[in-house]
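Structure data follow from my_file-v9.txt (compact mmCIF, C-alpha atoms):
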# COMPACT_ATOMS: atom_id res chain seq x y z
CA MET V 844 0.00 0.00 0.00
CA ALA V 845 1.91 3.02 -1.30
CA ILE V 846 1.85 6.39 0.42
CA ASN V 847 0.27 9.10 -1.73
CA ARG V 848 3.20 10.98 -3.37
CA ASP V 849 1.00 14.05 -3.90
CA PHE V 850 1.63 14.85 -0.22
CA LEU V 851 5.35 15.48 -0.75
CA GLY V 852 6.19 19.06 0.28
CA ARG V 853 2.96 19.67 2.18
CA GLU V 854 3.28 21.81 5.30
CA TYR V 855 1.34 21.56 8.51
CA PRO V 856 1.68 24.57 10.80
CA ALA V 857 0.61 23.79 14.37
CA PRO V 858 -2.82 25.38 14.99
CA GLU V 859 -1.49 27.26 18.01
CA PRO V 860 1.87 27.84 19.72
CA TYR V 861 3.12 25.19 22.16
CA GLU V 862 3.88 26.52 25.63
CA VAL V 863 6.82 24.75 27.28
CA THR V 864 6.03 24.36 30.99
CA ARG V 865 7.98 23.17 34.04
CA VAL V 866 5.29 20.61 34.79
CA LYS V 867 5.50 19.03 31.33
CA ILE V 868 9.31 18.95 31.44
CA ARG V 869 9.13 17.26 34.86
CA GLU V 870 6.63 14.70 33.59
CA PHE V 871 8.86 13.95 30.60
CA VAL V 872 12.12 13.58 32.56
CA GLU V 873 10.37 11.36 35.11
CA ALA V 874 9.22 9.14 32.24
CA ILE V 875 12.75 8.85 30.83
CA GLN V 876 14.14 8.58 34.40
CA ASP V 877 16.67 11.36 33.95
CA PRO V 878 17.44 12.88 37.38
CA ASN V 879 19.51 15.84 36.09
CA PRO V 880 18.35 18.82 38.24
CA ILE V 881 18.80 21.27 35.34
CA TYR V 882 15.42 19.93 34.13
CA THR V 883 13.56 20.41 37.39
CA ASP V 884 15.36 22.94 39.62
CA THR V 885 15.14 26.54 38.45
CA ALA V 886 18.07 27.60 40.67
CA VAL V 887 20.34 24.97 39.09
CA ALA V 888 19.24 25.99 35.59
CA ARG V 889 19.85 29.69 36.36
CA ALA V 890 23.28 28.91 37.77
CA ALA V 891 24.05 27.26 34.43
CA GLY V 892 23.06 30.46 32.61
CA TYR V 893 19.46 29.70 31.60
CA THR V 894 16.42 31.76 32.49
CA ASP V 895 14.42 28.74 33.69
CA VAL V 896 14.59 24.94 33.65
CA VAL V 897 15.51 23.49 30.26
CA ALA V 898 14.03 20.51 28.46
CA PRO V 899 16.08 17.42 27.60
CA PRO V 900 17.30 16.91 24.01
CA THR V 901 14.45 14.64 22.88
CA PHE V 902 11.62 16.72 24.41
CA PRO V 903 10.94 18.49 21.06
CA ILE V 904 9.56 15.15 19.78
CA ILE V 905 6.29 16.10 21.53
CA MET V 906 5.77 18.90 19.00
CA GLY V 907 7.22 16.79 16.21
CA MET V 908 4.69 14.04 16.98
CA GLU V 909 1.85 16.54 16.97
CA GLY V 910 2.98 17.80 13.59
CA ALA V 911 3.31 14.27 12.24
CA GLY V 912 -0.12 13.50 13.68
CA GLN V 913 -1.66 16.36 11.70
CA ALA V 914 -0.08 14.96 8.54
CA ILE V 915 -0.82 11.26 8.92
CA VAL V 916 -4.51 11.40 9.85
CA ASP V 917 -5.56 12.37 6.34
CA PRO V 918 -7.00 9.17 4.76
CA GLU V 919 -5.83 10.35 1.34
CA LEU V 920 -2.21 9.97 2.51
CA ARG V 921 -2.99 6.20 2.72
CA LEU V 922 -0.71 5.58 5.71
CA ASP V 923 -1.47 2.54 7.91
CA PHE V 924 -0.53 3.83 11.38
CA SER V 925 -0.58 0.30 12.88
CA MET V 926 2.32 -0.65 10.57
CA VAL V 927 4.46 2.41 11.35
CA VAL V 928 7.89 1.97 12.93
CA HIS V 929 10.23 4.85 13.70
CA ARG V 930 13.39 4.47 11.62
CA GLU V 931 15.48 7.60 12.16
CA GLN V 932 15.32 10.71 14.27
CA ARG V 933 17.57 13.74 14.11
CA PHE V 934 17.62 17.09 15.92
CA GLU V 935 19.58 20.22 15.05
CA TYR V 936 19.62 22.65 17.94
CA SER V 937 20.18 26.36 18.23
CA ARG V 938 19.53 26.03 21.96
CA PRO V 939 17.56 23.85 24.41
CA LEU V 940 13.87 24.54 24.94
CA GLU V 941 13.24 26.37 28.22
CA ALA V 942 10.17 26.57 30.41
CA GLY V 943 8.24 29.64 29.29
CA ASP V 944 9.09 29.28 25.60
CA LEU V 945 6.12 29.80 23.31
CA VAL V 946 6.96 27.70 20.30
CA HIS V 947 5.65 27.78 16.77
CA CYS V 948 6.08 24.47 14.91
CA VAL V 949 5.73 23.82 11.18
CA THR V 950 5.95 20.24 9.94
CA ARG V 951 6.69 19.48 6.31
CA ILE V 952 6.61 16.15 4.45
CA SER V 953 10.11 16.31 2.98
CA ASP V 954 10.48 12.83 1.49
CA ILE V 955 8.41 9.78 0.53
CA LYS V 956 10.09 6.76 -1.02
CA ALA V 957 10.01 2.98 -1.29
CA LEU V 958 12.71 0.84 0.36
CA GLY V 959 12.46 -2.87 -0.24
CA GLY V 960 8.84 -3.81 0.41
CA ASN V 961 8.42 -0.89 2.81
CA GLU V 962 7.61 2.78 2.45
CA LEU V 963 9.68 5.56 4.07
CA MET V 964 8.36 9.00 4.90
CA THR V 965 10.40 11.90 6.30
CA LEU V 966 8.86 14.77 8.23
CA ASP V 967 10.79 17.93 9.14
CA SER V 968 9.47 19.97 12.05
CA GLU V 969 10.92 23.43 12.46
CA MET V 970 10.44 24.90 15.91
CA SER V 971 10.94 28.60 16.62
CA THR V 972 9.79 31.03 19.28
CA VAL V 973 6.72 33.03 18.32
CA GLU V 974 9.19 35.94 17.91
CA GLY V 975 10.96 33.94 15.20
CA GLU V 976 14.10 32.71 17.00
CA HIS V 977 15.04 29.23 15.75
CA ILE V 978 15.28 26.67 18.56
CA VAL V 979 15.43 23.23 16.96
CA THR V 980 14.64 21.37 13.77
CA ALA V 981 13.49 17.77 14.15
CA ARG V 982 13.71 15.29 11.26
CA ASN V 983 11.61 12.17 11.70
CA THR V 984 11.80 9.23 9.28
CA ILE V 985 9.18 6.51 9.63
CA VAL V 986 8.83 3.14 7.94
CA VAL V 987 5.47 1.74 6.99
CA ARG V 988 6.07 -1.98 7.04
CA GLY V 989 4.59 -3.64 4.00
CA GLY V 990 3.10 -7.15 3.96
CA ALA V 991 5.34 -9.81 5.48
CA GLU V 992 8.42 -7.60 5.59
CA ASP V 993 10.31 -7.47 8.86
CA ALA V 994 10.63 -4.35 11.06
CA GLU V 995 14.38 -4.24 10.44
CA HIS V 996 13.81 -3.40 6.82
CA MET C 910 25.87 27.07 29.51
CA THR C 911 29.28 25.48 29.48
CA ALA C 912 30.28 21.91 28.93
CA THR C 913 32.33 20.48 31.78
CA VAL C 914 34.43 18.41 29.36
CA LYS C 915 37.28 20.35 27.72
CA TYR C 916 37.94 20.10 24.00
CA ALA C 917 41.69 19.88 24.63
CA ASP C 918 41.20 16.90 26.92
CA VAL C 919 39.51 14.56 24.42
CA GLU C 920 41.17 12.47 21.71
CA VAL C 921 39.75 10.85 18.61
CA GLY C 922 39.08 7.19 19.39
CA GLN C 923 38.59 7.82 23.10
CA GLU C 924 35.80 5.67 24.51
CA LEU C 925 33.20 6.94 26.96
CA PRO C 926 32.14 4.68 29.84
CA GLU C 927 29.27 2.32 29.03
CA ARG C 928 25.99 2.86 30.87
CA THR C 929 22.93 0.61 31.31
CA TYR C 930 19.35 1.87 31.48
CA PRO C 931 16.35 -0.34 32.37
CA VAL C 932 13.05 -0.28 30.49
CA ARG C 933 9.93 -2.03 31.81
CA ARG C 934 6.34 -2.07 30.61
CA ILE C 935 5.42 0.56 33.22
CA ASP C 936 8.13 2.84 31.79
CA LEU C 937 6.58 2.55 28.33
CA VAL C 938 3.12 3.38 29.64
CA ARG C 939 4.58 6.39 31.42
CA TYR C 940 6.53 7.44 28.34
CA ALA C 941 3.41 7.09 26.20
CA GLY C 942 1.61 9.53 28.47
CA ALA C 943 4.49 11.99 28.72
CA SER C 944 5.28 12.02 25.00
CA GLY C 945 1.79 11.64 23.56
CA ASP C 946 2.80 8.54 21.54
CA PHE C 947 0.05 6.04 22.27
CA ASN C 948 0.83 3.64 19.42
CA GLU C 949 -0.44 0.32 20.80
CA ILE C 950 2.64 -1.66 19.74
CA HIS C 951 4.34 0.00 22.74
CA TRP C 952 1.96 -1.37 25.39
CA ASN C 953 -0.46 -3.92 23.92
CA GLU C 954 1.03 -7.38 23.36
CA ARG C 955 -1.97 -8.55 21.32
CA VAL C 956 -1.64 -5.64 18.89
CA ALA C 957 2.16 -5.89 18.73
CA LYS C 958 1.99 -9.59 17.80
CA SER C 959 -0.87 -9.03 15.36
CA VAL C 960 1.39 -6.75 13.29
CA GLY C 961 4.23 -9.27 13.28
CA LEU C 962 6.38 -8.03 16.16
CA PRO C 963 7.77 -10.58 18.67
CA ASN C 964 6.18 -8.69 21.58
CA VAL C 965 5.65 -5.15 22.87
CA ILE C 966 8.56 -2.92 21.78
CA ALA C 967 9.91 0.24 23.42
CA HIS C 968 9.28 3.58 21.76
CA GLY C 969 12.33 4.36 19.65
CA MET C 970 12.24 7.79 21.28
CA PHE C 971 12.55 6.22 24.74
CA THR C 972 15.80 4.59 23.62
CA MET C 973 16.93 7.87 22.05
CA ALA C 974 16.11 9.70 25.29
CA GLU C 975 18.42 7.33 27.19
CA ALA C 976 21.16 7.94 24.61
CA GLY C 977 20.54 11.67 25.08
CA ARG C 978 20.90 11.27 28.82
CA TYR C 979 24.16 9.42 28.22
CA ILE C 980 25.50 12.41 26.29
CA THR C 981 24.21 15.13 28.63
CA ASP C 982 25.58 13.25 31.65
CA TRP C 983 28.97 13.12 29.95
CA VAL C 984 29.09 16.71 28.72
CA GLY C 985 27.34 18.32 31.72
CA ASP C 986 25.15 20.80 29.81
CA PRO C 987 22.18 19.89 27.57
CA GLY C 988 22.84 23.14 25.69
CA ALA C 989 26.18 21.76 24.49
CA ILE C 990 24.43 19.42 22.06
CA VAL C 991 24.43 20.88 18.55
CA GLU C 992 23.10 17.88 16.62
CA PHE C 993 21.78 14.52 17.71
CA GLY C 994 20.68 11.81 15.31
CA VAL C 995 19.93 8.11 15.64
CA ARG C 996 18.82 5.18 13.51
CA PHE C 997 16.60 2.60 15.15
CA SER C 998 18.10 -0.59 13.78
CA THR C 999 16.22 -3.22 15.80
CA PRO C 1000 13.30 -2.75 18.22
CA VAL C 1001 13.89 -3.13 21.97
CA VAL C 1002 11.55 -5.96 22.95
CA VAL C 1003 10.14 -5.45 26.43
CA PRO C 1004 8.81 -8.61 28.13
CA ASP C 1005 5.87 -8.51 30.53
CA ASP C 1006 7.83 -9.09 33.73
CA ASP C 1007 9.29 -6.97 36.55
CA ALA C 1008 12.80 -6.80 35.10
CA GLY C 1009 11.88 -5.68 31.58
CA ALA C 1010 14.74 -5.08 29.18
CA GLU C 1011 18.04 -3.22 29.37
CA ILE C 1012 19.45 -0.60 27.03
CA VAL C 1013 23.25 -0.48 27.12
CA VAL C 1014 24.70 2.73 25.66
CA SER C 1015 28.31 3.28 24.69
CA GLY C 1016 30.11 6.03 22.82
CA ALA C 1017 33.44 7.06 21.36
CA ILE C 1018 34.94 10.29 20.03
CA ARG C 1019 34.88 9.92 16.26
CA LYS C 1020 36.09 13.31 15.11
CA LYS C 1021 37.23 16.71 16.37
CA LEU C 1022 35.70 19.64 14.48
CA GLU C 1023 36.24 23.41 14.50
CA ASP C 1024 34.74 25.65 17.17
CA ASN C 1025 35.40 23.20 20.04
CA GLN C 1026 32.92 20.71 18.57
CA VAL C 1027 33.34 16.94 18.55
CA VAL C 1028 31.40 14.12 16.93
CA VAL C 1029 30.49 11.35 19.38
CA ALA C 1030 29.55 8.00 17.81
CA LEU C 1031 26.84 6.30 19.84
CA THR C 1032 25.75 2.69 20.04
CA ALA C 1033 22.92 1.16 22.05
CA ARG C 1034 22.35 -2.55 22.52
CA SER C 1035 19.68 -4.69 24.11
CA LYS C 1036 20.36 -8.38 24.76
CA GLY C 1037 23.57 -7.95 22.77
CA VAL C 1038 21.71 -6.79 19.65
CA LYS C 1039 22.35 -3.30 18.28
CA VAL C 1040 19.20 -1.18 18.71
CA LEU C 1041 20.74 2.16 17.73
CA GLY C 1042 23.26 2.25 14.91
CA GLY C 1043 24.71 4.99 12.74
CA SER C 1044 23.99 7.32 15.63
CA THR C 1045 25.94 10.45 16.47
CA ALA C 1046 25.88 13.57 18.58
CA VAL C 1047 27.77 16.75 17.74
CA VAL C 1048 28.71 18.39 21.01
CA ARG C 1049 30.37 21.75 21.74
CA LEU C 1050 32.93 21.28 24.50
CA GLY C 1051 34.43 23.82 26.88
Would you kindly transcribe this structure into structure tokens?
Amino acid sequence: MAINRDFLGREYPAPEPYEVTRVKIREFVEAIQDPNPIYTDTAVARAAGYTDVVAPPTFPIIMGMEGAGQAIVDPELRLDFSMVVHREQRFEYSRPLEAGDLVHCVTRISDIKALGGNELMTLDSEMSTVEGEHIVTARNTIVVRGGAEDAEH
Amino acid sequence: MTATVKYADVEVGQELPERTYPVRRIDLVRYAGASGDFNEIHWNERVAKSVGLPNVIAHGMFTMAEAGRYITDWVGDPGAIVEFGVRFSTPVVVPDDDAGAEIVVSGAIRKKLEDNQVVVALTARSKGVKVLGGSTAVVRLG
């Protein structure tokens, strides 16, 4: 089941800015079991030169997932979510996200191609403050496993 | 906003100490909630097996988060990471027991760049099988 190539290049701006909060950062670092106090203790983060607690390097995936979610729900894309496996993830940072950031995220379908019996789709999510300062770009490549093909491509 | 590791103190080929991170079913449920990724293959054995997986598998992003922690613990400042990319080569299968699975992360300095930056090659294994391959972090050192 091929992904609809007409979707290549489509952009999905988040409907509203994402507000990075201390509570969400805490929830995330508890889930990944990272005890670094720079994520939870404002005094430690300030001593390190930040204005508030920062988010860990993979936190931006929350916005990336939301962007991908906007893209993949369209039935015309013909993407079987139950067969999706994450293949590659990349982040390019200008700085870490900090509590208090109001972030605008635009996700773009940057590649769709076949690989063996599987389909690959790449989504780029560019995250900037609402004032336009670049924070991080996330590049997410997913595999849609086809038929009897194995997850390891 | 300064890395505690000094650029002058690292050599190409230098290995970073290996670290082991546990992952149990409860961790995946918690990660699903925190990240918003509720794909059932990460918590529902019936669904995972129905799509041809051996069992429930960890979110790739959970494994990447542990690799991220490995780097930030080494460098001392999350803001020192310039780029971070991984390839999920094999899923981390998480059995339904109290011990779960283990993710073992290791790294080595692959290259020294300009501007105090280094490329760290990262590998993660579970049960001896490579789960992250072709993975690197570019880090700005002090």
Exercise answer, chain C residues close to chain V, 6 Å and only C-alpha atoms, as number ranges by chain: C: 910, 939-940, 943-944, 974, 988, 991-997, 999
Produce a file of the selected residues containing C-alpha atoms, as a tab-separated table (two decimals), keeping the file's coordinate frame.
chain	number	residue	atom	x	y	z
C	910	MET	CA	25.87	27.07	29.51
C	939	ARG	CA	4.58	6.39	31.42
C	940	TYR	CA	6.53	7.44	28.34
C	943	ALA	CA	4.49	11.99	28.72
C	944	SER	CA	5.28	12.02	25.00
C	974	ALA	CA	16.11	9.70	25.29
C	988	GLY	CA	22.84	23.14	25.69
C	991	VAL	CA	24.43	20.88	18.55
C	992	GLU	CA	23.10	17.88	16.62
C	993	PHE	CA	21.78	14.52	17.71
C	994	GLY	CA	20.68	11.81	15.31
C	995	VAL	CA	19.93	8.11	15.64
C	996	ARG	CA	18.82	5.18	13.51
C	997	PHE	CA	16.60	2.60	15.15
C	999	THR	CA	16.22	-3.22	15.80
Would you mind listing what lies within 8 Å of Ser1015 in chain C as number ranges by chain, with all atoms listed in the file counted and same-chain residues fewer than 2 positions away left out? C: 924-928, 1013, 1017, 1031-1033
Got time to write the residues from that selection, C-alpha atoms, as a tab-separated table (two decimals), in the coordinates of the input?
chain	number	residue	atom	x	y	z
C	924	GLU	CA	35.80	5.67	24.51
C	925	LEU	CA	33.20	6.94	26.96
C	926	PRO	CA	32.14	4.68	29.84
C	927	GLU	CA	29.27	2.32	29.03
C	928	ARG	CA	25.99	2.86	30.87
C	1013	VAL	CA	23.25	-0.48	27.12
C	1017	ALA	CA	33.44	7.06	21.36
C	1031	LEU	CA	26.84	6.30	19.84
C	1032	THR	CA	25.75	2.69	20.04
C	1033	ALA	CA	22.92	1.16	22.05
CA of Ser1035 in chain C and CA of Val1003 in chain C are how many Å apart? 9.8 Å
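Compared by their closest atoms to Leu851 in chain V, and using all atoms listed in the file, the residues V:Val986, V:Leu963, V:Leu945, V:Val887 rank with V:Leu963 nearest.
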Provide an axis-aligned box for all listed atoms of range 1021-1033 of chain C, padding each side by 3 Å; report its centre and its edge lengths in Å to one decimal, as lines of an AutoDock Vina configuration file.
center_x = 30.1
center_y = 13.4
center_z = 18.3
size_x = 20.3
size_y = 30.5
size_z = 13.6
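With only C-alpha atoms as the atoms that count, the minimum distance from Ser968 in chain V to the choices V:Tyr855, V:Ala886, V:Ile985, V:Val949 is reached by V:Val949.
Going from CA of His977 in chain V over to CA of Arg951 in chain V, you cover 15.9 Å.
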Here CA of Gln1026 in chain C and CA of Gly1043 in chain C stand apart by 18.7 Å
For Asp1006 in chain C, work out the shell of residues within 12 Å, counting all atoms listed in the file and skipping chain neighbours fewer than 6 positions away, then give it as a PyMOL selection string. chain C and resi 932-935+965
Filtering to C-alpha atoms, could you give me those residues as a PDB file, in the frame of the given file?
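Everything below was put into again.pdb:
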ATOM      1  CA  VAL C 932      13.050  -0.280  30.490  1.00  0.00           C
ATOM      2  CA  ARG C 933       9.930  -2.030  31.810  1.00  0.00           C
ATOM      3  CA  ARG C 934       6.340  -2.070  30.610  1.00  0.00           C
ATOM      4  CA  ILE C 935       5.420   0.560  33.220  1.00  0.00           C
ATOM      5  CA  VAL C 965       5.650  -5.150  22.870  1.00  0.00           C
TER       6      VAL C 965
END
Would you please work out which residue, of V:Val896, V:Ala914, V:Ile952, V:Leu922, is nearest to Val863 in chain V when using all atoms listed in the file? V:Val896
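Of the listed residues (C:Val1028, C:Leu1022, C:Val1040, C:Ile1012), C:Val1040 comes nearest to Pro1000 in chain C; the distances count all atoms listed in the file.
Ranking C:Ile950, C:Val919, C:Ala1046, C:Ala976 by their shortest atom-to-atom distance to Val1002 in chain C, with only C-alpha atoms included, puts C:Ile950 first.
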I need every residue sitting at most 10 Å from the point (-3.3, 14.3, -5.9) (coordinates as in the file, only C-alpha atoms considered), written as a list in words. Asn847, Arg848, Asp849, Phe850, Glu919 and Leu920 of chain V
Shell around Pro856 in chain V at 8 Å using all atoms listed in the file, local window under 5 positions removed, as number ranges by chain: V: 910, 947-950
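When only C-alpha atoms are used to compute distances to Met970 in chain V, the closest of the residues V:Asp895, V:Gly989, V:Ile955, V:Tyr861 turns out to be V:Tyr861.
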